[in-house]
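Engineer: Here you go, this is start.cif (mmCIF, C-alpha atoms).
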```cif
data_model
loop_
_atom_site.label_atom_id
_atom_site.label_comp_id
_atom_site.auth_asym_id
_atom_site.auth_seq_id
_atom_site.Cartn_x
_atom_site.Cartn_y
_atom_site.Cartn_z
CA MET A 209 0.00 0.00 0.00
CA THR A 210 3.05 2.27 -0.18
CA VAL A 211 2.51 5.35 -2.31
CA THR A 212 5.61 6.23 -4.29
CA VAL A 213 5.92 9.58 -5.99
CA THR A 214 8.84 9.83 -8.39
CA ASP A 215 10.15 13.03 -9.94
CA LEU A 216 6.67 14.46 -10.29
CA SER A 217 6.04 17.76 -12.10
CA VAL A 218 2.62 19.37 -11.95
CA ALA A 219 0.98 22.32 -13.67
CA ARG A 220 -1.95 24.52 -12.82
CA GLY A 221 -3.75 26.46 -15.53
CA GLY A 222 -0.95 25.74 -18.01
CA VAL A 223 1.77 27.00 -15.66
CA ARG A 224 4.31 24.56 -14.28
CA VAL A 225 4.28 25.03 -10.51
CA LEU A 226 6.28 22.18 -8.96
CA GLU A 227 8.86 19.87 -10.41
CA GLY A 228 11.01 17.00 -9.26
CA VAL A 229 8.85 16.08 -6.26
CA SER A 230 9.71 12.63 -4.91
CA PHE A 231 8.68 10.90 -1.72
CA ASP A 232 7.45 7.59 -0.30
CA LEU A 233 4.48 7.21 1.95
CA ALA A 234 4.58 3.89 3.80
CA PRO A 235 1.64 2.27 5.58
CA GLY A 236 1.26 3.73 9.06
CA ALA A 237 3.00 6.96 8.13
CA ALA A 238 1.73 10.49 7.75
CA LEU A 239 3.35 13.13 5.59
CA VAL A 240 2.56 16.81 6.02
CA LEU A 241 3.13 19.08 3.02
CA ARG A 242 4.08 22.62 3.83
CA GLY A 243 4.82 25.65 1.75
CA PRO A 244 3.61 29.19 1.10
CA ASN A 245 0.23 29.90 -0.52
CA GLY A 246 0.16 29.30 -4.24
CA ILE A 247 3.20 27.04 -4.25
CA GLY A 248 1.13 24.17 -5.68
CA LYS A 249 0.21 21.98 -2.71
CA THR A 250 -3.38 21.60 -3.88
CA THR A 251 -2.28 20.90 -7.46
CA LEU A 252 0.16 18.28 -6.19
CA LEU A 253 -2.55 16.60 -4.12
CA ARG A 254 -5.05 16.66 -7.01
CA THR A 255 -2.45 15.09 -9.27
CA ILE A 256 -1.72 12.36 -6.74
CA ALA A 257 -5.46 11.77 -6.35
CA GLY A 258 -5.73 11.32 -10.13
CA LEU A 259 -7.87 14.37 -10.85
CA GLN A 260 -5.31 15.74 -13.28
CA PRO A 261 -2.45 14.15 -15.19
CA PRO A 262 1.14 14.93 -14.16
CA LEU A 263 3.39 16.77 -16.60
CA SER A 264 6.09 14.23 -15.94
CA GLY A 265 7.01 11.71 -13.29
CA GLN A 266 4.93 9.00 -11.73
CA VAL A 267 2.56 8.31 -8.88
CA GLU A 268 2.53 4.66 -7.92
CA ALA A 269 -0.20 3.48 -5.61
CA ALA A 270 -2.25 0.34 -5.26
CA PRO A 271 -5.46 0.62 -7.29
CA ASP A 272 -8.47 1.83 -5.31
CA SER A 273 -6.42 2.74 -2.28
CA LEU A 274 -6.66 6.54 -2.31
CA VAL A 275 -9.40 8.81 -1.13
CA TYR A 276 -9.25 12.56 -1.67
CA ALA A 277 -10.79 15.36 0.37
CA GLY A 278 -10.43 18.85 -1.01
CA HIS A 279 -11.42 22.34 0.08
CA ALA A 280 -15.09 21.66 -0.56
CA ASP A 281 -16.82 18.94 1.41
CA GLY A 282 -19.33 17.81 -1.19
CA ILE A 283 -22.26 18.08 1.20
CA LYS A 284 -25.76 18.35 -0.22
CA PRO A 285 -27.75 20.98 1.67
CA THR A 286 -31.10 19.20 1.31
CA LEU A 287 -29.86 15.77 2.43
CA SER A 288 -29.46 14.94 6.11
CA VAL A 289 -26.11 14.09 7.66
CA ARG A 290 -27.10 10.41 7.60
CA GLU A 291 -28.12 10.54 3.92
CA ASN A 292 -24.95 12.38 2.94
CA LEU A 293 -22.73 9.83 4.67
CA SER A 294 -24.73 6.79 3.55
CA PHE A 295 -24.49 7.96 -0.05
CA TRP A 296 -20.70 8.03 0.05
CA ALA A 297 -20.60 4.74 1.91
CA GLN A 298 -22.69 3.13 -0.85
CA VAL A 299 -20.57 4.67 -3.61
CA PHE A 300 -17.51 3.07 -2.03
CA GLY A 301 -19.37 -0.21 -1.54
CA LYS A 302 -19.68 0.05 2.24
CA LYS A 303 -22.70 0.17 4.51
CA ASP A 304 -21.73 1.04 8.04
CA ILE A 305 -21.56 4.73 8.93
CA SER A 306 -21.80 4.42 12.72
CA ALA A 307 -18.03 4.42 13.33
CA ALA A 308 -17.62 7.60 11.31
CA VAL A 309 -20.54 9.28 13.07
CA GLU A 310 -19.08 8.41 16.45
CA ALA A 311 -15.51 9.43 15.59
CA PHE A 312 -16.58 12.93 14.58
CA ASP A 313 -19.32 13.28 17.21
CA LEU A 314 -22.10 13.72 14.63
CA GLY A 315 -24.67 11.65 16.54
CA ALA A 316 -26.70 14.68 17.67
CA LEU A 317 -26.76 16.08 14.13
CA ILE A 318 -27.59 12.88 12.29
CA ASP A 319 -30.99 13.98 10.98
CA ARG A 320 -30.14 17.61 10.38
CA PRO A 321 -30.04 18.76 6.73
CA GLY A 322 -26.54 19.54 5.47
CA GLY A 323 -27.55 23.11 4.69
CA LEU A 324 -28.19 23.90 8.35
CA LEU A 325 -24.79 22.79 9.59
CA SER A 326 -22.18 25.33 10.64
CA ALA A 327 -18.92 25.53 8.68
CA GLY A 328 -17.09 23.48 11.30
CA GLN A 329 -19.84 20.85 11.44
CA LYS A 330 -19.77 20.58 7.65
CA ARG A 331 -16.05 20.02 7.75
CA ARG A 332 -16.49 17.29 10.37
CA LEU A 333 -19.06 15.64 8.11
CA GLY A 334 -16.66 15.98 5.17
CA LEU A 335 -13.91 14.31 7.18
CA ALA A 336 -16.25 11.59 8.43
CA ARG A 337 -16.67 10.64 4.76
CA LEU A 338 -13.04 9.45 4.80
CA LEU A 339 -13.88 6.83 7.39
CA VAL A 340 -16.90 5.41 5.55
CA THR A 341 -14.88 4.90 2.35
CA GLY A 342 -12.62 2.32 3.96
CA ARG A 343 -9.70 3.49 1.80
CA ALA A 344 -6.15 3.16 3.16
CA VAL A 345 -4.47 6.31 1.86
CA TRP A 346 -6.02 9.65 2.77
CA VAL A 347 -5.08 12.60 0.58
CA LEU A 348 -6.24 15.67 2.47
CA ASP A 349 -6.12 19.31 1.44
CA GLU A 350 -6.28 21.68 4.41
CA PRO A 351 -8.42 19.30 6.46
CA THR A 352 -8.60 21.51 9.54
CA VAL A 353 -10.04 24.66 7.97
CA SER A 354 -12.89 26.05 10.13
CA LEU A 355 -12.44 23.39 12.84
CA ASP A 356 -12.20 24.54 16.45
CA VAL A 357 -9.48 23.37 18.84
CA ASP A 358 -11.51 20.42 20.13
CA ALA A 359 -12.41 19.29 16.62
CA VAL A 360 -8.78 19.53 15.51
CA ALA A 361 -7.86 17.26 18.43
CA MET A 362 -10.70 14.93 17.39
CA PHE A 363 -9.34 14.88 13.85
CA ALA A 364 -5.79 14.18 15.09
CA ARG A 365 -7.13 11.23 17.12
CA VAL A 366 -8.92 9.85 14.06
CA VAL A 367 -5.81 10.20 11.89
CA ARG A 368 -3.69 8.53 14.57
CA ALA A 369 -6.14 5.61 14.80
CA HIS A 370 -6.12 5.34 11.00
CA LEU A 371 -2.31 5.20 10.97
CA ALA A 372 -2.29 2.64 13.77
CA ALA A 373 -4.61 0.48 11.67
CA GLY A 374 -2.08 0.46 8.82
CA GLY A 375 -3.44 3.37 6.83
CA SER A 376 -1.49 6.40 5.75
CA ALA A 377 -2.21 10.08 5.26
CA LEU A 378 -0.87 12.83 3.06
CA LEU A 379 -1.90 16.24 4.35
CA ALA A 380 -1.42 19.81 3.26
CA THR A 381 -1.87 21.98 6.30
CA HIS A 382 -0.48 25.06 7.98
CA ILE A 383 -1.43 24.37 11.55
CA ASP A 384 0.19 21.97 13.96
CA LEU A 385 -2.04 18.92 14.26
CA GLY A 386 -0.21 17.52 17.26
CA LEU A 387 0.88 14.59 15.11
CA GLY A 388 4.44 14.51 16.39
CA GLU A 389 5.29 11.39 14.43
CA ALA A 390 4.32 12.88 11.06
CA GLU A 391 7.11 13.70 8.66
CA VAL A 392 7.12 17.15 7.15
CA LEU A 393 7.92 17.85 3.52
CA ASP A 394 8.50 21.48 2.59
CA VAL A 395 7.56 21.79 -1.09
CA ALA A 396 9.09 25.26 -1.55
CA PRO A 397 12.44 23.86 -2.86
CA PHE A 398 10.53 22.09 -5.65
CA ARG A 399 9.16 25.32 -7.10
CA ALA A 400 9.46 25.11 -10.88
CA ALA A 401 12.43 27.10 -12.13
CA LYS A 402 11.02 27.66 -15.57
CA MET A 403 7.43 28.79 -15.41
CA ASP A 404 6.44 28.42 -19.07
CA MET A 405 5.48 25.14 -20.57
CA ASP A 406 7.65 23.41 -23.13
CA ASP A 407 4.75 22.66 -25.38
CA PHE A 408 2.88 25.72 -26.58
CA ASP A 409 -0.39 23.83 -27.09
CA GLU A 410 -0.42 22.66 -23.52
CA ALA A 411 -1.17 26.19 -22.38
CA PHE A 412 -4.63 25.84 -23.88
CA LEU A 413 -5.44 22.55 -22.27
CA MET B 4 -24.65 3.64 -9.39
CA ILE B 5 -28.03 3.03 -7.81
CA ALA B 6 -26.92 5.12 -4.84
CA LEU B 7 -26.12 8.01 -7.19
CA LEU B 8 -29.44 7.62 -9.00
CA THR B 9 -31.50 7.63 -5.81
CA ARG B 10 -29.49 10.56 -4.46
CA ASP B 11 -30.07 12.61 -7.61
CA ILE B 12 -33.77 11.86 -7.70
CA ARG B 13 -34.06 12.68 -4.01
CA LEU B 14 -32.19 15.96 -4.53
CA ALA B 15 -34.46 16.85 -7.44
CA ILE B 16 -37.63 16.19 -5.47
CA ARG B 17 -36.57 18.00 -2.28
CA ALA B 18 -36.97 21.75 -1.88
CA GLY B 19 -35.07 23.78 -4.47
CA GLY B 20 -34.36 20.72 -6.57
CA GLY B 21 -36.17 22.00 -9.61
CA PHE B 22 -38.52 19.06 -9.97
CA GLY B 23 -41.73 20.31 -11.54
CA LEU B 24 -40.01 23.41 -12.89
CA GLY B 25 -39.72 21.95 -16.37
CA LEU B 26 -43.21 20.52 -16.13
CA ALA B 27 -44.71 23.86 -15.10
CA PHE B 28 -42.82 25.61 -17.89
CA PHE B 29 -44.13 23.07 -20.42
CA LEU B 30 -47.66 23.61 -19.14
CA ILE B 31 -47.43 27.39 -19.42
CA VAL B 32 -45.86 27.41 -22.89
CA VAL B 33 -48.50 25.06 -24.25
CA VAL B 34 -51.33 26.99 -22.60
CA LEU B 35 -50.01 30.26 -24.05
CA VAL B 36 -50.00 28.99 -27.64
CA PRO B 37 -53.81 28.94 -28.10
CA PHE B 38 -53.91 32.50 -26.75
CA GLY B 39 -51.34 33.57 -29.29
CA VAL B 40 -52.79 31.69 -32.25
CA GLY B 41 -56.41 32.49 -31.53
CA PRO B 42 -59.51 30.30 -31.32
CA GLN B 43 -59.07 28.30 -34.52
CA SER B 44 -59.26 24.68 -33.51
CA ASP B 45 -58.41 23.37 -37.01
CA LEU B 46 -55.19 25.40 -37.07
CA LEU B 47 -54.35 24.32 -33.50
CA ALA B 48 -54.96 20.68 -34.38
CA ARG B 49 -52.49 20.99 -37.24
CA ILE B 50 -49.69 22.55 -35.15
CA ALA B 51 -50.42 20.68 -31.89
CA ALA B 52 -47.79 17.98 -32.37
CA GLY B 53 -45.07 20.49 -33.22
CA VAL B 54 -45.98 22.80 -30.33
CA LEU B 55 -45.92 19.93 -27.85
CA TRP B 56 -42.54 18.80 -29.13
CA ILE B 57 -40.98 22.27 -28.98
CA GLY B 58 -42.49 22.84 -25.54
CA ALA B 59 -41.04 19.56 -24.26
CA LEU B 60 -37.65 20.38 -25.76
CA LEU B 61 -37.48 23.83 -24.15
CA ALA B 62 -38.70 22.47 -20.82
CA CYS B 63 -35.96 19.87 -20.96
CA LEU B 64 -33.37 22.57 -21.63
CA LEU B 65 -34.42 24.52 -18.54
CA SER B 66 -33.02 22.09 -15.99
CA LEU B 67 -29.92 20.95 -17.88
CA ASP B 68 -27.41 23.23 -16.21
CA ARG B 69 -28.26 21.73 -12.82
CA ILE B 70 -27.03 18.29 -13.88
CA PHE B 71 -23.38 18.94 -13.06
CA ALA B 72 -23.21 22.57 -11.90
CA LEU B 73 -24.44 21.91 -8.36
CA ASP B 74 -22.11 18.95 -7.88
CA TRP B 75 -19.27 21.06 -9.21
CA GLU B 76 -19.97 23.95 -6.83
CA ASP B 77 -20.06 21.91 -3.66
CA GLY B 78 -17.10 19.74 -4.60
CA SER B 79 -19.05 16.49 -5.00
CA LEU B 80 -17.90 16.16 -8.60
CA ASP B 81 -14.23 16.03 -7.55
CA LEU B 82 -15.10 13.42 -4.96
CA LEU B 83 -17.16 11.41 -7.46
CA ALA B 84 -14.26 11.53 -9.91
CA THR B 85 -11.98 9.95 -7.31
CA ALA B 86 -14.63 7.43 -6.22
CA PRO B 87 -14.68 3.88 -7.63
CA LEU B 88 -17.46 4.85 -10.08
CA PRO B 89 -16.27 5.34 -13.67
CA MET B 90 -17.09 8.80 -15.03
CA GLU B 91 -19.02 7.18 -17.89
CA ALA B 92 -21.35 5.63 -15.33
CA VAL B 93 -21.71 8.97 -13.55
CA ALA B 94 -22.68 10.62 -16.85
CA ILE B 95 -25.26 8.01 -17.79
CA VAL B 96 -26.77 7.89 -14.30
CA LYS B 97 -27.02 11.68 -14.27
CA ALA B 98 -28.78 11.58 -17.65
CA LEU B 99 -31.15 8.88 -16.42
CA ALA B 100 -31.97 10.86 -13.27
CA HIS B 101 -32.59 13.95 -15.41
CA TRP B 102 -34.90 11.99 -17.69
CA LEU B 103 -36.84 10.46 -14.79
CA THR B 104 -37.36 13.85 -13.13
CA THR B 105 -37.90 15.95 -16.28
CA GLY B 106 -38.49 13.90 -19.43
CA LEU B 107 -40.87 11.29 -18.06
CA PRO B 108 -43.24 13.84 -16.42
CA LEU B 109 -43.33 15.72 -19.74
CA VAL B 110 -44.32 12.54 -21.60
CA LEU B 111 -47.09 11.91 -19.09
CA ALA B 112 -48.35 15.51 -19.25
CA ALA B 113 -48.32 15.74 -23.05
CA PRO B 114 -51.64 13.89 -23.70
CA VAL B 115 -53.44 16.12 -21.19
CA LEU B 116 -52.09 19.20 -22.92
CA GLY B 117 -52.97 17.67 -26.28
CA VAL B 118 -56.61 18.18 -25.32
CA LEU B 119 -55.96 21.91 -24.89
CA LEU B 120 -54.57 22.04 -28.43
CA SER B 121 -57.47 19.94 -29.79
CA LEU B 122 -55.07 17.22 -30.94
CA PRO B 123 -57.00 14.69 -33.08
CA ALA B 124 -57.63 11.35 -31.39
CA ALA B 125 -55.43 9.46 -33.85
CA GLY B 126 -52.44 11.60 -32.81
CA TYR B 127 -52.20 10.65 -29.12
CA MET B 128 -50.50 7.31 -29.48
CA PRO B 129 -47.74 8.40 -31.89
CA LEU B 130 -47.21 11.59 -29.85
CA ILE B 131 -46.65 9.69 -26.61
CA VAL B 132 -44.45 7.09 -28.29
CA SER B 133 -42.37 9.74 -30.04
CA LEU B 134 -41.86 11.69 -26.80
CA LEU B 135 -41.09 8.51 -24.90
CA LEU B 136 -38.43 7.60 -27.47
CA GLY B 137 -37.12 11.11 -28.02
CA THR B 138 -36.82 12.62 -24.54
CA PRO B 139 -34.06 10.21 -23.38
CA ALA B 140 -31.95 11.54 -26.26
CA LEU B 141 -32.69 15.11 -25.10
CA SER B 142 -31.48 14.25 -21.59
CA MET B 143 -28.38 12.46 -22.84
CA ILE B 144 -27.35 15.22 -25.25
CA GLY B 145 -28.08 17.76 -22.51
CA THR B 146 -25.87 15.87 -20.07
CA PHE B 147 -23.05 16.05 -22.58
CA GLY B 148 -23.63 19.80 -22.96
CA ALA B 149 -23.72 20.23 -19.19
CA ALA B 150 -20.43 18.34 -18.92
CA LEU B 151 -18.89 20.66 -21.53
CA THR B 152 -19.91 23.82 -19.70
CA VAL B 153 -19.36 22.66 -16.12
CA GLY B 154 -17.25 25.13 -14.17
CA LEU B 155 -18.07 28.06 -16.42
CA LYS B 156 -19.63 31.00 -14.68
CA ARG B 157 -23.16 31.49 -16.05
CA GLY B 158 -22.63 28.63 -18.45
CA GLY B 159 -26.38 28.16 -18.84
CA LEU B 160 -26.73 30.37 -21.90
CA LEU B 161 -23.72 28.83 -23.61
CA LEU B 162 -25.17 25.43 -22.76
CA SER B 163 -28.40 26.31 -24.57
CA LEU B 164 -26.50 27.52 -27.62
CA LEU B 165 -24.45 24.34 -27.72
CA VAL B 166 -27.27 21.92 -27.09
CA LEU B 167 -30.14 23.32 -29.18
CA PRO B 168 -28.51 22.60 -32.58
CA LEU B 169 -27.79 19.06 -31.38
CA TYR B 170 -31.49 18.65 -30.61
CA VAL B 171 -32.47 19.28 -34.24
CA PRO B 172 -32.47 15.66 -35.50
CA THR B 173 -34.49 14.45 -32.51
CA LEU B 174 -36.97 17.28 -32.99
CA ILE B 175 -37.33 16.69 -36.73
CA PHE B 176 -38.05 12.98 -36.48
CA GLY B 177 -40.05 13.24 -33.23
CA ALA B 178 -42.34 15.96 -34.53
CA GLU B 179 -42.56 14.26 -37.94
CA MET B 180 -43.70 11.04 -36.33
CA ALA B 181 -46.34 12.81 -34.25
CA ARG B 182 -47.53 14.81 -37.26
CA ARG B 183 -47.82 11.73 -39.46
CA GLY B 184 -49.82 10.10 -36.67
CA VAL B 185 -52.20 13.07 -36.62
CA ASP B 186 -52.66 12.84 -40.38
CA GLY B 187 -53.28 9.11 -40.20
CA LEU B 188 -50.16 8.29 -42.24
CA ASP B 189 -47.66 5.51 -41.66
CA TYR B 190 -45.06 6.67 -39.14
CA GLY B 191 -42.73 3.66 -39.17
CA THR B 192 -39.75 5.44 -40.77
CA PRO B 193 -39.52 8.45 -38.41
CA LEU B 194 -40.07 6.05 -35.49
CA LEU B 195 -37.07 3.98 -36.52
CA MET B 196 -34.94 7.07 -37.14
CA LEU B 197 -35.89 8.51 -33.74
CA ALA B 198 -35.13 5.24 -31.97
CA GLY B 199 -31.82 5.05 -33.81
CA ILE B 200 -30.82 8.57 -32.78
CA THR B 201 -31.70 7.85 -29.15
CA CYS B 202 -29.78 4.58 -29.10
CA GLY B 203 -26.81 6.26 -30.74
CA THR B 204 -26.67 9.09 -28.22
CA ILE B 205 -26.99 6.71 -25.28
CA ALA B 206 -24.23 4.51 -26.69
CA LEU B 207 -21.73 7.27 -27.51
CA LEU B 208 -22.34 10.36 -25.43
CA PRO B 209 -21.56 8.94 -21.95
CA PHE B 210 -17.97 8.44 -23.16
CA ALA B 211 -17.80 11.94 -24.62
CA ALA B 212 -19.33 13.45 -21.47
CA ALA B 213 -16.88 11.56 -19.23
CA ALA B 214 -13.94 12.72 -21.35
CA VAL B 215 -14.90 16.40 -21.18
CA LEU B 216 -15.63 16.10 -17.45
CA ARG B 217 -12.11 14.81 -16.87
CA VAL B 218 -10.69 17.75 -18.82
CA ASN B 219 -12.88 20.23 -16.96
CA LEU B 220 -11.88 18.86 -13.56
CA ARG B 221 -8.15 19.44 -14.12
#
```
Just give me the structure of the file as structure tokens.

Structural biologist:
Amino acid sequence: MTVTVTDLSVARGGVRVLEGVSFDLAPGAALVLRGPNGIGKTTLLRTIAGLQPPLSGQVEAAPDSLVYAGHADGIKPTLSVRENLSFWAQVFGKKDISAAVEAFDLGALIDRPGGLLSAGQKRRLGLARLLVTGRAVWVLDEPTVSLDVDAVAMFARVVRAHLAAGGSALLATHIDLGLGEAEVLDVAPFRAAKMDMDDFDEAFL
Amino acid sequence: MIALLTRDIRLAIRAGGGFGLGLAFFLIVVVLVPFGVGPQSDLLARIAAGVLWIGALLACLLSLDRIFALDWEDGSLDLLATAPLPMEAVAIVKALAHWLTTGLPLVLAAPVLGVLLSLPAAGYMPLIVSLLLGTPALSMIGTFGAALTVGLKRGGLLLSLLVLPLYVPTLIFGAEMARRGVDGLDYGTPLLMLAGITCGTIALLPFAAAAVLRVNLR
């Protein structure tokens, strides 16, 4: 289940942002990506998650092992918390949502429509989705945005339990999660030296 | 796939989902035509099939931009793209959900509105069959158009411009079949052409829609 990233170059909007990124993510390990705004952390995560093709380099991961959570939580305002979670569980071929509900303390909100949740509650629901998917490698983009201190601690506990169970996590975050064991990768040194693309046509794609 | 279908239907039926919007629009357009044309039931009977077809087509168009735009805005589309569902399946399920919540109600409402337009009795059967065969193609082509314009701000107008020309063959053969039915002529040929167009769109467009979705998600 090791994810191996080799010499990866990624582009956003036709502009090469990062190049030569290489790392390994072993089961049970967490890797925190750091770097200034706009450096390309989100683009790197989207590439690893398979949402966009890399310019060069490779991402090697076991098939169906990754799950991605981006800035938006994908919560439907007219569906209840239970319906939102059950939908994702079914999409990933799972049924049980009780563990996820318990881990993120959503029990009291279970029948509330997604549209009435606060920003922090929505984020908790978005993160609870990771648990119902049953995937081993979590690719998370700023997972702690709008969470309060208690919820961040809750999230850190969940991540730690996930790692202990043999999963792994790749996170882009600016705050300290209290995950002392997590490695940190500063992506700033990988900033692309040459900003333009080699292939003129690529700029239009 | 079934989970996605039930979710989409549920979203459409719940508040703000737009279910009934197309149907109400269809109703109003068809009711307005006799006011515009005047009380000439022979003229109305002649244009009834065409009016019902154009009304159904425009009503279908109305809800197209919701197919992917809402999922794009709240991030669900990114998550669906990384889920174990192939994008082709997402596209065809979305089209099916759109047809069930928009196309099918239009087919069921058409005979009632046919009365308003004094559609001759012989025309009902071919009208319903032509709409039943043609509206799935409208949903499928519309899903492709929605996939093309997903992520564009106010892409709705562009979507209409892209999709309406693609609706022409379906409209021609659908309306022709209904009109031949009204006139008591044999409508076998337009029926086969219409069925062929629908089968073709359902076979090909999910792949095209999935390909443009992947490009738009980059």

Engineer: Nearest to chain A: which of B:Leu82, B:Leu151, B:Leu30, B:Leu35 is it, counting all atoms listed in the file?

Structural biologist: B:Leu82

Engineer: Residues at most 6 Å from segment 49-55 of chain B, counting only C-alpha atoms, excluding those fewer than 5 positions away in the same chain, as a PyMOL selection string?

Structural biologist: chain B and resi 120+122+178+181-182

Engineer: Report as a PyMOL selection string the set of chain A residues whose atoms approach chain B to within 10 Å, with distances computed over only C-alpha atoms.

Structural biologist: chain A and resi 219-221+251+254-255+257-261+271-287+291-292+294-301+341+413

Engineer: List the neighbours of Val185 of chain B out to 9 Å using all atoms listed in the file; skip same-chain residues closer than 2 positions along the sequence, and give me the result as an MDAnalysis selection string.

Structural biologist: chainID B and resid 48:49 52 122:127 129:130 180:183 187:188

Engineer: Would you list the residues near (-12.6, 15.4, 6.8) (no more than 9 Å away, in the coordinates of the file, using only C-alpha atoms) as an NGL selection string?

Structural biologist: :A and (277-278 or 281 or 330-339 or 348 or 351-352 or 363)

Engineer: Enclose the full set of atoms of segment 7-25 of chain B listed in the file within a box whose edges lie along x, y and z, apply 4 Å of padding to each of the six sides, and report centre and edge lengths in Å to one decimal as lines of an AutoDock Vina configuration file.

Structural biologist:
```
center_x = -33.9
center_y = 15.7
center_z = -9.1
size_x = 23.6
size_y = 24.2
size_z = 22.5
```

Engineer: Do you know which residues the PyMOL selection byres ((chain B and resi 132) around 12) returns on this file, as a PyMOL selection string?

Structural biologist: chain B and resi 56+107+110-111+113-114+126-131+133-139+176-178+180-181+184+190-191+193-195+197-198

Engineer: Export C-alpha atoms of the chosen residues as a PDB file, in the frame of the given file?

Structural biologist:
```
ATOM      1  CA  TRP B  56     -42.540  18.800 -29.130  1.00  0.00           C
ATOM      2  CA  LEU B 107     -40.870  11.290 -18.060  1.00  0.00           C
ATOM      3  CA  VAL B 110     -44.320  12.540 -21.600  1.00  0.00           C
ATOM      4  CA  LEU B 111     -47.090  11.910 -19.090  1.00  0.00           C
ATOM      5  CA  ALA B 113     -48.320  15.740 -23.050  1.00  0.00           C
ATOM      6  CA  PRO B 114     -51.640  13.890 -23.700  1.00  0.00           C
ATOM      7  CA  GLY B 126     -52.440  11.600 -32.810  1.00  0.00           C
ATOM      8  CA  TYR B 127     -52.200  10.650 -29.120  1.00  0.00           C
ATOM      9  CA  MET B 128     -50.500   7.310 -29.480  1.00  0.00           C
ATOM     10  CA  PRO B 129     -47.740   8.400 -31.890  1.00  0.00           C
ATOM     11  CA  LEU B 130     -47.210  11.590 -29.850  1.00  0.00           C
ATOM     12  CA  ILE B 131     -46.650   9.690 -26.610  1.00  0.00           C
ATOM     13  CA  SER B 133     -42.370   9.740 -30.040  1.00  0.00           C
ATOM     14  CA  LEU B 134     -41.860  11.690 -26.800  1.00  0.00           C
ATOM     15  CA  LEU B 135     -41.090   8.510 -24.900  1.00  0.00           C
ATOM     16  CA  LEU B 136     -38.430   7.600 -27.470  1.00  0.00           C
ATOM     17  CA  GLY B 137     -37.120  11.110 -28.020  1.00  0.00           C
ATOM     18  CA  THR B 138     -36.820  12.620 -24.540  1.00  0.00           C
ATOM     19  CA  PRO B 139     -34.060  10.210 -23.380  1.00  0.00           C
ATOM     20  CA  PHE B 176     -38.050  12.980 -36.480  1.00  0.00           C
ATOM     21  CA  GLY B 177     -40.050  13.240 -33.230  1.00  0.00           C
ATOM     22  CA  ALA B 178     -42.340  15.960 -34.530  1.00  0.00           C
ATOM     23  CA  MET B 180     -43.700  11.040 -36.330  1.00  0.00           C
ATOM     24  CA  ALA B 181     -46.340  12.810 -34.250  1.00  0.00           C
ATOM     25  CA  GLY B 184     -49.820  10.100 -36.670  1.00  0.00           C
ATOM     26  CA  TYR B 190     -45.060   6.670 -39.140  1.00  0.00           C
ATOM     27  CA  GLY B 191     -42.730   3.660 -39.170  1.00  0.00           C
ATOM     28  CA  PRO B 193     -39.520   8.450 -38.410  1.00  0.00           C
ATOM     29  CA  LEU B 194     -40.070   6.050 -35.490  1.00  0.00           C
ATOM     30  CA  LEU B 195     -37.070   3.980 -36.520  1.00  0.00           C
ATOM     31  CA  LEU B 197     -35.890   8.510 -33.740  1.00  0.00           C
ATOM     32  CA  ALA B 198     -35.130   5.240 -31.970  1.00  0.00           C
TER      33      ALA B 198
END
```

Engineer: So which residues fall inside 6 Å of (3.8, 9.7, -4.1) if we count all atoms listed in the file? Mind giving them as a PyMOL selection string?

Structural biologist: chain A and resi 211-213+231-232+267

Engineer: The PyMOL selection byres ((chain A and resi 384) around 10) on the file shown: which residues, as number ranges by chain?

Structural biologist: A: 240, 352, 360, 364, 381-383, 385-388

Engineer: With only C-alpha atoms as the basis for distance, which of A:Val289, A:Asp356, A:Arg224, A:Asn245 is at the shortest distance from Asp319 of chain A?

Structural biologist: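 With only C-alpha atoms as the atom set, the closest residue is A:Val289.
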
Engineer: At a cut-off of 9 Å, using all atoms listed in the file, what residues contact Val392 of chain A? Leave out same-chain residues fewer than 4 positions from it and give the result as a list in words.

Structural biologist: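 Once the adjacent positions are removed, what remains is Ala238, Leu239, Val240, Leu241 and Arg242 of chain A.
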
Engineer: Starting from the shown file, work through the PyMOL selection byres ((chain B and resi 37) around 10) and note down what comes out as a PyMOL selection string.

Structural biologist: chain B and resi 32-36+38-44+46-47+51+119-121

Engineer: Restricting the output to C-alpha atoms, write the selected residues as a tab-separated table (two decimals), keeping the file's coordinate frame.

Structural biologist:
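Everything below was put into selection17.tsv:
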```tsv
chain	number	residue	atom	x	y	z
B	32	VAL	CA	-45.86	27.41	-22.89
B	33	VAL	CA	-48.50	25.06	-24.25
B	34	VAL	CA	-51.33	26.99	-22.60
B	35	LEU	CA	-50.01	30.26	-24.05
B	36	VAL	CA	-50.00	28.99	-27.64
B	38	PHE	CA	-53.91	32.50	-26.75
B	39	GLY	CA	-51.34	33.57	-29.29
B	40	VAL	CA	-52.79	31.69	-32.25
B	41	GLY	CA	-56.41	32.49	-31.53
B	42	PRO	CA	-59.51	30.30	-31.32
B	43	GLN	CA	-59.07	28.30	-34.52
B	44	SER	CA	-59.26	24.68	-33.51
B	46	LEU	CA	-55.19	25.40	-37.07
B	47	LEU	CA	-54.35	24.32	-33.50
B	51	ALA	CA	-50.42	20.68	-31.89
B	119	LEU	CA	-55.96	21.91	-24.89
B	120	LEU	CA	-54.57	22.04	-28.43
B	121	SER	CA	-57.47	19.94	-29.79
```

Engineer: Quick one: of B:Leu8, B:Val96, B:Leu65, B:Ile57, who's nearest to Ala213 of chain B, counting only C-alpha atoms?

Structural biologist: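 Using only C-alpha atoms, Ala213 of chain B sits closest to B:Val96.
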